[in-house]
Amino acid sequence: MTGGWSAGDTLPEQAYTVTRADLVRYAGASGDFNPIHWSDRVATSVGLPGVIAHGMFTLALAARALDTWAGVTGRVLELGCKFTKPVVVPDDEDGVDVLVRGTVTSVTGDAVHVGLEVTCAGQRVLGSPRAVLRA
Amino acid sequence: MAVDPALAGRTFPPTDPYPVSREKILEFAHATGCAYDGGAAPATFPIVVAFAAMTGLMTDPDVGISLHRVVHGEQRFTYTRPVVAGDVLTATLTVDTLRQIGGADILGTRSEIADADGRPVCTAFATLVHRGEE
């Protein structure tokens with residue numbers, strides 16, 4: 001599917017809801033049990049507004065969007081970002097929504113370069129998120 | 001305690017071999033909502049192995065890092081091939097750069113992730129920010 005992409009293409013926005021339960025599940029799956037991702041007491045003690053999502057969880061959501069857009073898994077050649085703003089996840093049933101948008105910035109030979117925008121509550125939470133996919 | 005200035009350029013021993021099971025990939029895919037059809041693991045799955053390498057660095061008593069002062073500033077992966085079930089992976093971490101900005105130590109790390117035959121699978125670059133004492 002990436003074969004048909006060209007520079008300037010906008011990829012459909014993906015919305016993912018993140019709850020505390022997701023963070024607990026991700027802690028177990030990734031092995032990252034830093035308590036700022038599950039304990040309000042610890043999170044606030046280090047100056048955070050509350051429990052925040054693992055930066056790598058947010059980046060995993062960007063990877064999820066890439067697979068959805070590509071229509072196939074295993075096409076990612078490069079993926080990266082800065083962790084600029086925390087995703088604060090409330091202790092309720094609703095959680096927060098993380099939105100992932102993408103634009104094809106260039107296509108060179110076999111490589112499709114995608115610029116990403118990952119936001120939560122109207123703020124960019126990842127800095128310069130981008131990926132390269134195999135066409 | 002400050003981070004050892006001689007850390008730049010140092011390569012740490014490889015992590016213990018990590019056998020990748022279908023169940024572990026499924027667990028990771030389920031946790032992140034990523035699709036898994038029995039082939040490629042989700043793109044960020046290698047963080048499981050890279051995290052072990054970073055933990056090795058951060059808990060090494062000679063390095064001088066206090067875990068609670070570390071913030072993950074940046075992460076990037078480049079892939080030679082996707083991770084698949086049956087892989088036995090090791091990560092070898094090198095501290096590429098060490099800078100000091102405003103009382104914080106900024107560590108640029110690179111973990112080379114290889115399979116059981118020593119062939120490269122992916123490289124995980126992480127920037128770790130170690131905040132100084134207040």
# chains A, B, ... in the order shown; residues from 1 in each chain; ligands from 1

$ select_by_dssp --residues "range 22-122 of chain A" --states "helix (DSSP H, G or I)" --output "MDAnalysis selection string"
chainID A and resid 22:30 35:37 40:45 55:70

$ residues_around --residues "Gln75 in chain B" --least-positions-apart "5" --cutoff "6 Å" --atoms "only C-alpha atoms" --output "count of residues only"
4

$ atom_distance --atom1 "CA of Gly95 in chain A" --atom2 "CA of Gly50 in chain A"
12.7 Å

$ interface_residues --of "chain B" --to "chain A" --cutoff "12 Å" --atoms "only C-alpha atoms" --output "ChimeraX atom specification"
/B:23-52,54-55,67-84,121-129,131

$ residues_around --residues "Pro61 in chain B" --least-positions-apart "4" --cutoff "12 Å" --atoms "only C-alpha atoms" --output "list in words"
Met1, Ala2, Val3, Asp4, Thr55, Gly56, Leu57, Ile65, Ser66 and Leu67 of chain B

$ residues_around --residues "Gly108 in chain B" --least-positions-apart "5" --cutoff "6 Å" --atoms "only C-alpha atoms" --output "list in words"
Val95, Asp96, Thr97 and Thr127 of chain B

$ closest_residue --among "A:Thr103, A:Thr19, A:Thr44, A:Ser39" --to "Glu117 in chain A" --atoms "only C-alpha atoms"
A:Thr103

$ select_by_dssp --residues "range 63-123 of chain A" --states "strand (DSSP E or B)" --output "PDB file with C-alpha atoms, in the first residue's frame"
ATOM      1  CA  VAL A  76       9.279   0.289   9.395  1.00  0.00           C
ATOM      2  CA  LEU A  77      12.946   0.981   8.588  1.00  0.00           C
ATOM      3  CA  GLU A  78      13.385   3.857  11.007  1.00  0.00           C
ATOM      4  CA  LEU A  79      11.300   5.426  13.775  1.00  0.00           C
ATOM      5  CA  GLY A  80      12.151   8.082  16.317  1.00  0.00           C
ATOM      6  CA  CYS A  81      11.094  11.099  18.356  1.00  0.00           C
ATOM      7  CA  LYS A  82      11.896  13.345  21.275  1.00  0.00           C
ATOM      8  CA  PHE A  83       9.764  13.026  24.392  1.00  0.00           C
ATOM      9  CA  VAL A  88      -1.153  12.793  31.739  1.00  0.00           C
ATOM     10  CA  VAL A  96      -7.242  10.574  27.392  1.00  0.00           C
ATOM     11  CA  ASP A  97      -7.155  10.579  23.614  1.00  0.00           C
ATOM     12  CA  VAL A  98      -3.868  10.551  21.737  1.00  0.00           C
ATOM     13  CA  LEU A  99      -4.116  11.592  18.087  1.00  0.00           C
ATOM     14  CA  VAL A 100      -1.604  10.499  15.464  1.00  0.00           C
ATOM     15  CA  ARG A 101      -1.396  12.300  12.125  1.00  0.00           C
ATOM     16  CA  GLY A 102       1.041  11.661   9.322  1.00  0.00           C
ATOM     17  CA  THR A 103       2.223  13.281   6.116  1.00  0.00           C
ATOM     18  CA  VAL A 104       4.412  11.729   3.459  1.00  0.00           C
ATOM     19  CA  THR A 105       7.392  14.083   3.265  1.00  0.00           C
ATOM     20  CA  SER A 106       9.343  12.350   0.508  1.00  0.00           C
ATOM     21  CA  VAL A 107       9.660   9.118  -1.422  1.00  0.00           C
ATOM     22  CA  THR A 108      13.157   8.124  -2.457  1.00  0.00           C
ATOM     23  CA  ALA A 111      12.027   4.520   1.245  1.00  0.00           C
ATOM     24  CA  VAL A 112       8.909   6.467   2.194  1.00  0.00           C
ATOM     25  CA  HIS A 113       9.586   9.248   4.710  1.00  0.00           C
ATOM     26  CA  VAL A 114       6.678  10.104   6.980  1.00  0.00           C
ATOM     27  CA  GLY A 115       6.473  13.132   9.253  1.00  0.00           C
ATOM     28  CA  LEU A 116       4.220  12.502  12.236  1.00  0.00           C
ATOM     29  CA  GLU A 117       2.294  14.695  14.618  1.00  0.00           C
ATOM     30  CA  VAL A 118       1.258  13.163  17.923  1.00  0.00           C
ATOM     31  CA  THR A 119      -0.992  15.271  20.132  1.00  0.00           C
ATOM     32  CA  CYS A 120      -2.921  15.017  23.377  1.00  0.00           C
ATOM     33  CA  GLN A 123      -0.547  19.780  22.530  1.00  0.00           C
TER      34      GLN A 123
END

$ residues_around --residues "range 8-18 of chain B" --least-positions-apart "5" --cutoff "6 Å" --atoms "only C-alpha atoms" --output "count of residues only"
12

$ atom_distance --atom1 "CA of Lys85 in chain A" --atom2 "CA of Gln100 in chain B"
21.6 Å

$ decode --residues "range 29-117 of chain A" --atoms "C-alpha atoms" --output "JSON list (two decimals), in the first residue's frame"
[["chain", "number", "residue", "atom", "x", "y", "z"],
["A", 29, "ALA", "CA", 4.63, -6.06, 28.46],
["A", 30, "SER", "CA", 7.65, -3.75, 28.24],
["A", 31, "GLY", "CA", 9.24, -4.38, 31.64],
["A", 32, "ASP", "CA", 9.25, -0.64, 32.46],
["A", 33, "PHE", "CA", 7.79, -0.47, 35.97],
["A", 34, "ASN", "CA", 8.82, 3.12, 36.75],
["A", 35, "PRO", "CA", 6.16, 4.13, 39.32],
["A", 36, "ILE", "CA", 5.56, 7.53, 37.66],
["A", 37, "HIS", "CA", 3.52, 5.47, 35.18],
["A", 38, "TRP", "CA", 1.19, 3.97, 37.79],
["A", 39, "SER", "CA", 1.47, 5.83, 41.13],
["A", 40, "ASP", "CA", 0.05, 9.34, 41.57],
["A", 41, "ARG", "CA", 1.97, 9.58, 44.84],
["A", 42, "VAL", "CA", 5.33, 9.04, 43.15],
["A", 43, "ALA", "CA", 4.43, 11.07, 40.03],
["A", 44, "THR", "CA", 3.42, 14.14, 42.03],
["A", 45, "SER", "CA", 6.45, 13.78, 44.33],
["A", 46, "VAL", "CA", 8.73, 14.38, 41.32],
["A", 47, "GLY", "CA", 6.72, 17.39, 40.16],
["A", 48, "LEU", "CA", 4.43, 15.79, 37.58],
["A", 49, "PRO", "CA", 0.72, 16.68, 37.51],
["A", 50, "GLY", "CA", -0.11, 12.98, 37.94],
["A", 51, "VAL", "CA", 0.55, 9.58, 36.40],
["A", 52, "ILE", "CA", 1.94, 9.94, 32.88],
["A", 53, "ALA", "CA", 2.12, 7.48, 30.00],
["A", 54, "HIS", "CA", 5.45, 5.87, 29.17],
["A", 55, "GLY", "CA", 7.00, 7.88, 26.34],
["A", 56, "MET", "CA", 7.64, 4.57, 24.62],
["A", 57, "PHE", "CA", 3.95, 3.72, 24.89],
["A", 58, "THR", "CA", 3.10, 6.91, 22.99],
["A", 59, "LEU", "CA", 5.76, 6.08, 20.39],
["A", 60, "ALA", "CA", 4.25, 2.58, 20.11],
["A", 61, "LEU", "CA", 0.92, 4.23, 19.24],
["A", 62, "ALA", "CA", 2.70, 6.10, 16.44],
["A", 63, "ALA", "CA", 4.06, 2.74, 15.22],
["A", 64, "ARG", "CA", 0.53, 1.34, 15.41],
["A", 65, "ALA", "CA", -0.71, 4.15, 13.16],
["A", 66, "LEU", "CA", 2.12, 3.47, 10.68],
["A", 67, "ASP", "CA", 1.10, -0.21, 10.42],
["A", 68, "THR", "CA", -2.54, 0.82, 9.97],
["A", 69, "TRP", "CA", -1.65, 3.24, 7.18],
["A", 70, "ALA", "CA", 0.68, 0.75, 5.51],
["A", 71, "GLY", "CA", -1.95, -2.00, 5.81],
["A", 72, "VAL", "CA", 0.82, -4.44, 6.73],
["A", 73, "THR", "CA", 3.32, -4.92, 9.56],
["A", 74, "GLY", "CA", 7.10, -5.01, 9.38],
["A", 75, "ARG", "CA", 7.62, -2.11, 6.96],
["A", 76, "VAL", "CA", 9.28, 0.29, 9.39],
["A", 77, "LEU", "CA", 12.95, 0.98, 8.59],
["A", 78, "GLU", "CA", 13.38, 3.86, 11.01],
["A", 79, "LEU", "CA", 11.30, 5.43, 13.77],
["A", 80, "GLY", "CA", 12.15, 8.08, 16.32],
["A", 81, "CYS", "CA", 11.09, 11.10, 18.36],
["A", 82, "LYS", "CA", 11.90, 13.34, 21.27],
["A", 83, "PHE", "CA", 9.76, 13.03, 24.39],
["A", 84, "THR", "CA", 8.75, 16.64, 24.87],
["A", 85, "LYS", "CA", 5.47, 16.77, 26.82],
["A", 86, "PRO", "CA", 4.00, 14.22, 29.19],
["A", 87, "VAL", "CA", 0.69, 12.50, 28.42],
["A", 88, "VAL", "CA", -1.15, 12.79, 31.74],
["A", 89, "VAL", "CA", -3.57, 9.89, 32.19],
["A", 90, "PRO", "CA", -6.40, 10.43, 34.70],
["A", 91, "ASP", "CA", -7.58, 7.74, 37.10],
["A", 92, "ASP", "CA", -10.99, 7.28, 35.48],
["A", 93, "GLU", "CA", -12.78, 5.13, 32.90],
["A", 94, "ASP", "CA", -12.43, 7.64, 30.06],
["A", 95, "GLY", "CA", -8.67, 8.16, 29.97],
["A", 96, "VAL", "CA", -7.24, 10.57, 27.39],
["A", 97, "ASP", "CA", -7.16, 10.58, 23.61],
["A", 98, "VAL", "CA", -3.87, 10.55, 21.74],
["A", 99, "LEU", "CA", -4.12, 11.59, 18.09],
["A", 100, "VAL", "CA", -1.60, 10.50, 15.46],
["A", 101, "ARG", "CA", -1.40, 12.30, 12.12],
["A", 102, "GLY", "CA", 1.04, 11.66, 9.32],
["A", 103, "THR", "CA", 2.22, 13.28, 6.12],
["A", 104, "VAL", "CA", 4.41, 11.73, 3.46],
["A", 105, "THR", "CA", 7.39, 14.08, 3.26],
["A", 106, "SER", "CA", 9.34, 12.35, 0.51],
["A", 107, "VAL", "CA", 9.66, 9.12, -1.42],
["A", 108, "THR", "CA", 13.16, 8.12, -2.46],
["A", 109, "GLY", "CA", 13.62, 4.79, -4.17],
["A", 110, "ASP", "CA", 12.42, 2.17, -1.73],
["A", 111, "ALA", "CA", 12.03, 4.52, 1.25],
["A", 112, "VAL", "CA", 8.91, 6.47, 2.19],
["A", 113, "HIS", "CA", 9.59, 9.25, 4.71],
["A", 114, "VAL", "CA", 6.68, 10.10, 6.98],
["A", 115, "GLY", "CA", 6.47, 13.13, 9.25],
["A", 116, "LEU", "CA", 4.22, 12.50, 12.24],
["A", 117, "GLU", "CA", 2.29, 14.70, 14.62]]
